[in-house]
Amino acid sequence: MGAARDRRGELVSVTPVADHDARAVKAFLAGKEIANDSVRYGVRAYRLTYRTVDPYGKPTTATGLLTLPKGGAHRLDLVSDTHGTMVKRGYAPSASEDFGRVPSYLNASAGRAVAAPDYLGLGEGPGPHPYMDTASSVTASVDMLRAARTAAGRLGRPLTGDLYATGFSQGGQVAMALGKALEQGADRHFRVKALAPISGPYDLEGQEMPALFDGRVNDTSGVLYTSYWLVAQNRLHHFYDDPGEAFRAPYASRVEGLLDGTHEEEDVVKGLAPTVRQLLTPAFYERLNHPSGALLDALRSADHSCDWKPAAPVRLYTGDNDTDVPVGNARTCARTLAGEGARVRVTDQGATDHFGTFVASAPQVVRFFDGVSGRVADQYQPFACQKAQAPVGLP
């Protein structure tokens, strides 16, 4: 175990995966309906394979994407970007030129290095993905930062040690937890300068799980998140011996196979029930609605990403019409952070859904980081809620 800890973050391989000039980056972002006015440079991206540990502390490997600007300063600040829910391993940032690369290309084209972990079990990492296991997502993210530091140095773009953390959805919660871990000494090389998570499920017990049952989470997302969470968390917390104890027939016989990392999200949803009530057995539905024991322990294990006092400024991004991660998550996180004495602002994008909130927020995160680094003026206040209108044409 000690040897595994000593080798955490060790770089195994570096594989070039993308090389774009500034015009191509702008076109990529425009094609995803992302504002691209912050683009200054082209980008080069690399898949890193590195050593880390699994949820039990045993040695394993993971992959992630390191993106560097083609220009700008010789020594680079680093952005950590942690992605949202992905059921297919091939959509991870290092594996696919898709939405998972938007924050990397946005931030790198503005002049910073970006480390985007695939997490355990996604990309080219072995084994299943321990979905919503915050602890292992943080260890994989910290070790990705270490691997990125080594790789960037070898590629002639050494890192300064200043770190800016962002993430979307599942990754928003990971970004907050990563900032907490780093400020509490997980790796003294990295100095957290700002935190900017988007639509993170920071409060599973008090907000996200109740929202499954009161209509704030839409049925399609509710089925996907619930099935993914139960299958992944059962490996760690043991809710049931057989899927038939939790899932109704015929879903019990297919749910684990659908969530093996090889299926498209649409195929997973089509293969399961239209609602959570129809997905789960009546007894397990009631257990989930009134969690206790292992279920409650699993929820609470993810609910400590906001109970600390960041030294760096925090901006939480959310949307009023988000039916995947309802706005109450951001409000709970903001209250908790403010109660600890943190500098935090909520940027509410107004009547945007989950993805629309990301589209509106991702370019704003770049400008926020520019402000913190001194590139443009940006003032911070104690906890306040700032309304922002999403660009015309967003979903």
# chains A, B, ... in the order shown; residues from 1 in each chain; ligands from 1

call {"tool": "residues_around", "arguments": {"residues": "Phe358 (chain A)", "least_positions_apart": "4", "cutoff": "8 Å", "atoms": "only C-alpha atoms", "output": "compact mmCIF listing (two decimals) with all heavy atoms, in the first residue's frame"}}
result
# COMPACT_ATOMS: atom_id res chain seq x y z
N PHE A 168 -18.28 20.46 -14.24
CA PHE A 168 -19.70 20.55 -14.56
C PHE A 168 -20.43 19.33 -14.03
O PHE A 168 -19.96 18.20 -14.18
CB PHE A 168 -19.89 20.67 -16.06
CG PHE A 168 -21.32 20.57 -16.54
CD1 PHE A 168 -22.30 21.42 -16.04
CD2 PHE A 168 -21.69 19.61 -17.47
CE1 PHE A 168 -23.62 21.32 -16.47
CE2 PHE A 168 -23.01 19.52 -17.91
CZ PHE A 168 -23.97 20.37 -17.41
N ILE A 198 -19.83 24.31 -11.91
CA ILE A 198 -21.09 24.57 -12.61
C ILE A 198 -22.07 23.44 -12.32
O ILE A 198 -21.77 22.26 -12.59
CB ILE A 198 -20.87 24.67 -14.13
CG1 ILE A 198 -19.83 25.75 -14.47
CG2 ILE A 198 -22.17 24.95 -14.86
CD1 ILE A 198 -19.36 25.70 -15.93
N SER A 199 -23.22 23.78 -11.75
CA SER A 199 -24.34 22.84 -11.58
C SER A 199 -23.94 21.53 -10.91
O SER A 199 -24.27 20.44 -11.37
CB SER A 199 -24.98 22.53 -12.95
OG SER A 199 -25.47 23.69 -13.55
N HIS A 354 -30.10 22.22 -17.60
CA HIS A 354 -28.79 21.73 -17.15
C HIS A 354 -27.70 22.05 -18.17
O HIS A 354 -26.71 22.71 -17.85
CB HIS A 354 -28.88 20.23 -16.91
CG HIS A 354 -27.73 19.65 -16.15
ND1 HIS A 354 -27.33 20.12 -14.93
CD2 HIS A 354 -26.91 18.60 -16.45
CE1 HIS A 354 -26.31 19.40 -14.49
NE2 HIS A 354 -26.03 18.47 -15.40
N ALA A 362 -19.63 28.25 -19.04
CA ALA A 362 -18.24 27.86 -19.33
C ALA A 362 -17.38 29.03 -19.81
O ALA A 362 -16.25 29.22 -19.32
CB ALA A 362 -18.21 26.72 -20.34

call {"tool": "select_by_dssp", "arguments": {"residues": "region 187-260 of chain A", "states": "strand (DSSP E)", "output": "MDAnalysis selection string"}}
result
chainID A and resid 191:198

call {"tool": "closest_atom_pairs", "arguments": {"of": "region 139-235 of chain A", "to": "region 69-74 of chain A", "cutoff": "12 Å", "atoms": "only C-alpha atoms", "output": "tab-separated table"}}
result
residue	atom	partner	partner_atom	distance
A:Ala152	CA	A:His74	CA	10.6
A:Gly153	CA	A:His74	CA	10.4
A:Leu155	CA	A:His74	CA	10.9
A:Gly156	CA	A:His74	CA	7.9
A:Arg157	CA	A:His74	CA	5.7
A:Pro158	CA	A:His74	CA	7.1
A:Leu159	CA	A:His74	CA	8.7
A:Thr160	CA	A:His74	CA	9.7

call {"tool": "write_last_selection", "arguments": {"atoms": "C-alpha atoms", "output": "PDB file, in the first residue's frame"}}
result
ATOM      1  CA  ALA A 152       4.022  19.773 -19.077  1.00  0.00           C
ATOM      2  CA  GLY A 153       7.619  20.077 -17.933  1.00  0.00           C
ATOM      3  CA  LEU A 155       6.835  19.226 -23.174  1.00  0.00           C
ATOM      4  CA  GLY A 156       8.666  22.467 -22.441  1.00  0.00           C
ATOM      5  CA  ARG A 157       5.766  24.280 -20.728  1.00  0.00           C
ATOM      6  CA  PRO A 158       6.456  24.060 -16.974  1.00  0.00           C
ATOM      7  CA  LEU A 159       3.636  24.863 -14.544  1.00  0.00           C
ATOM      8  CA  THR A 160       3.668  27.706 -12.030  1.00  0.00           C
TER       9      THR A 160
END

call {"tool": "closest_residue", "arguments": {"among": "A:Asp98, A:His20, A:Arg149, A:Ser373", "to": "Leu66 (chain A)", "atoms": "only C-alpha atoms"}}
result
A:Arg149

call {"tool": "closest_residue", "arguments": {"among": "A:Val114, A:Cys333, A:Ala252, A:Leu280", "to": "Leu65 (chain A)", "atoms": "only C-alpha atoms"}}
result
A:Val114

call {"tool": "closest_residue", "arguments": {"among": "A:Asp133, A:Asp19, A:Asp267, A:Asp322", "to": "Leu224 (chain A)", "atoms": "only C-alpha atoms"}}
result
A:Asp267

call {"tool": "residues_around", "arguments": {"residues": "Pro201 (chain A)", "least_positions_apart": "4", "cutoff": "6 Å", "atoms": "only C-alpha atoms", "output": "PDB file with all heavy atoms, in the first residue's frame"}}
result
ATOM      1  N   GLN A 173     -19.234  18.985  -8.331  1.00  0.00           N
ATOM      2  CA  GLN A 173     -19.039  18.502  -6.966  1.00  0.00           C
ATOM      3  C   GLN A 173     -17.597  18.045  -6.753  1.00  0.00           C
ATOM      4  O   GLN A 173     -16.989  18.326  -5.711  1.00  0.00           O
ATOM      5  CB  GLN A 173     -20.022  17.346  -6.691  1.00  0.00           C
ATOM      6  CG  GLN A 173     -20.039  16.894  -5.246  1.00  0.00           C
ATOM      7  CD  GLN A 173     -19.561  15.465  -5.116  1.00  0.00           C
ATOM      8  OE1 GLN A 173     -18.643  15.030  -5.807  1.00  0.00           O
ATOM      9  NE2 GLN A 173     -20.177  14.742  -4.206  1.00  0.00           N
ATOM     10  N   VAL A 325     -29.808  18.784 -12.009  1.00  0.00           N
ATOM     11  CA  VAL A 325     -29.243  19.166 -10.716  1.00  0.00           C
ATOM     12  C   VAL A 325     -29.940  20.466 -10.301  1.00  0.00           C
ATOM     13  O   VAL A 325     -29.503  21.554 -10.677  1.00  0.00           O
ATOM     14  CB  VAL A 325     -27.717  19.358 -10.807  1.00  0.00           C
ATOM     15  CG1 VAL A 325     -27.149  19.726  -9.437  1.00  0.00           C
ATOM     16  CG2 VAL A 325     -27.037  18.091 -11.334  1.00  0.00           C
ATOM     17  N   ASN A 329     -29.163  22.814  -4.935  1.00  0.00           N
ATOM     18  CA  ASN A 329     -27.812  22.326  -4.628  1.00  0.00           C
ATOM     19  C   ASN A 329     -26.840  23.481  -4.471  1.00  0.00           C
ATOM     20  O   ASN A 329     -26.048  23.510  -3.520  1.00  0.00           O
ATOM     21  CB  ASN A 329     -27.337  21.392  -5.745  1.00  0.00           C
ATOM     22  CG  ASN A 329     -27.932  20.014  -5.671  1.00  0.00           C
ATOM     23  OD1 ASN A 329     -27.438  19.159  -4.947  1.00  0.00           O
ATOM     24  ND2 ASN A 329     -29.002  19.792  -6.432  1.00  0.00           N
TER      25      ASN A 329
END

call {"tool": "select_by_dssp", "arguments": {"residues": "region 108-308 of chain A", "states": "alpha helix (DSSP H)", "output": "ChimeraX atom specification"}}
result
/A:108-109,134-154,170-183,209-214,219-237,255-258,265-270,276-279,282-289,293-301

call {"tool": "closest_residue", "arguments": {"among": "A:Val43, A:Val344, A:Met86, A:Val53", "to": "Arg112 (chain A)", "atoms": "only C-alpha atoms"}}
result
A:Val43

call {"tool": "closest_residue", "arguments": {"among": "A:His304, A:Tyr225, A:Ala115, A:Thr67", "to": "Gly167 (chain A)", "atoms": "only C-alpha atoms"}}
result
A:Ala115

call {"tool": "residues_around", "arguments": {"residues": "region 311-313 of chain A", "least_positions_apart": "4", "cutoff": "6 Å", "atoms": "only C-alpha atoms", "output": "ChimeraX atom specification"}}
result
/A:193-194,343

call {"tool": "write_last_selection", "arguments": {"atoms": "N, CA, C and O atoms", "output": "tab-separated table (two decimals), in the first residue's frame"}}
result
chain	number	residue	atom	x	y	z
A	193	LYS	N	-6.24	29.02	-6.57
A	193	LYS	CA	-6.46	30.46	-6.77
A	193	LYS	C	-7.93	30.83	-6.93
A	193	LYS	O	-8.33	31.95	-6.62
A	194	ALA	N	-8.75	29.91	-7.45
A	194	ALA	CA	-10.17	30.18	-7.63
A	194	ALA	C	-10.90	28.87	-7.88
A	194	ALA	O	-10.34	27.92	-8.43
A	343	ARG	N	-15.57	33.46	0.73
A	343	ARG	CA	-16.02	34.43	-0.26
A	343	ARG	C	-16.68	33.65	-1.39
A	343	ARG	O	-16.02	32.93	-2.12
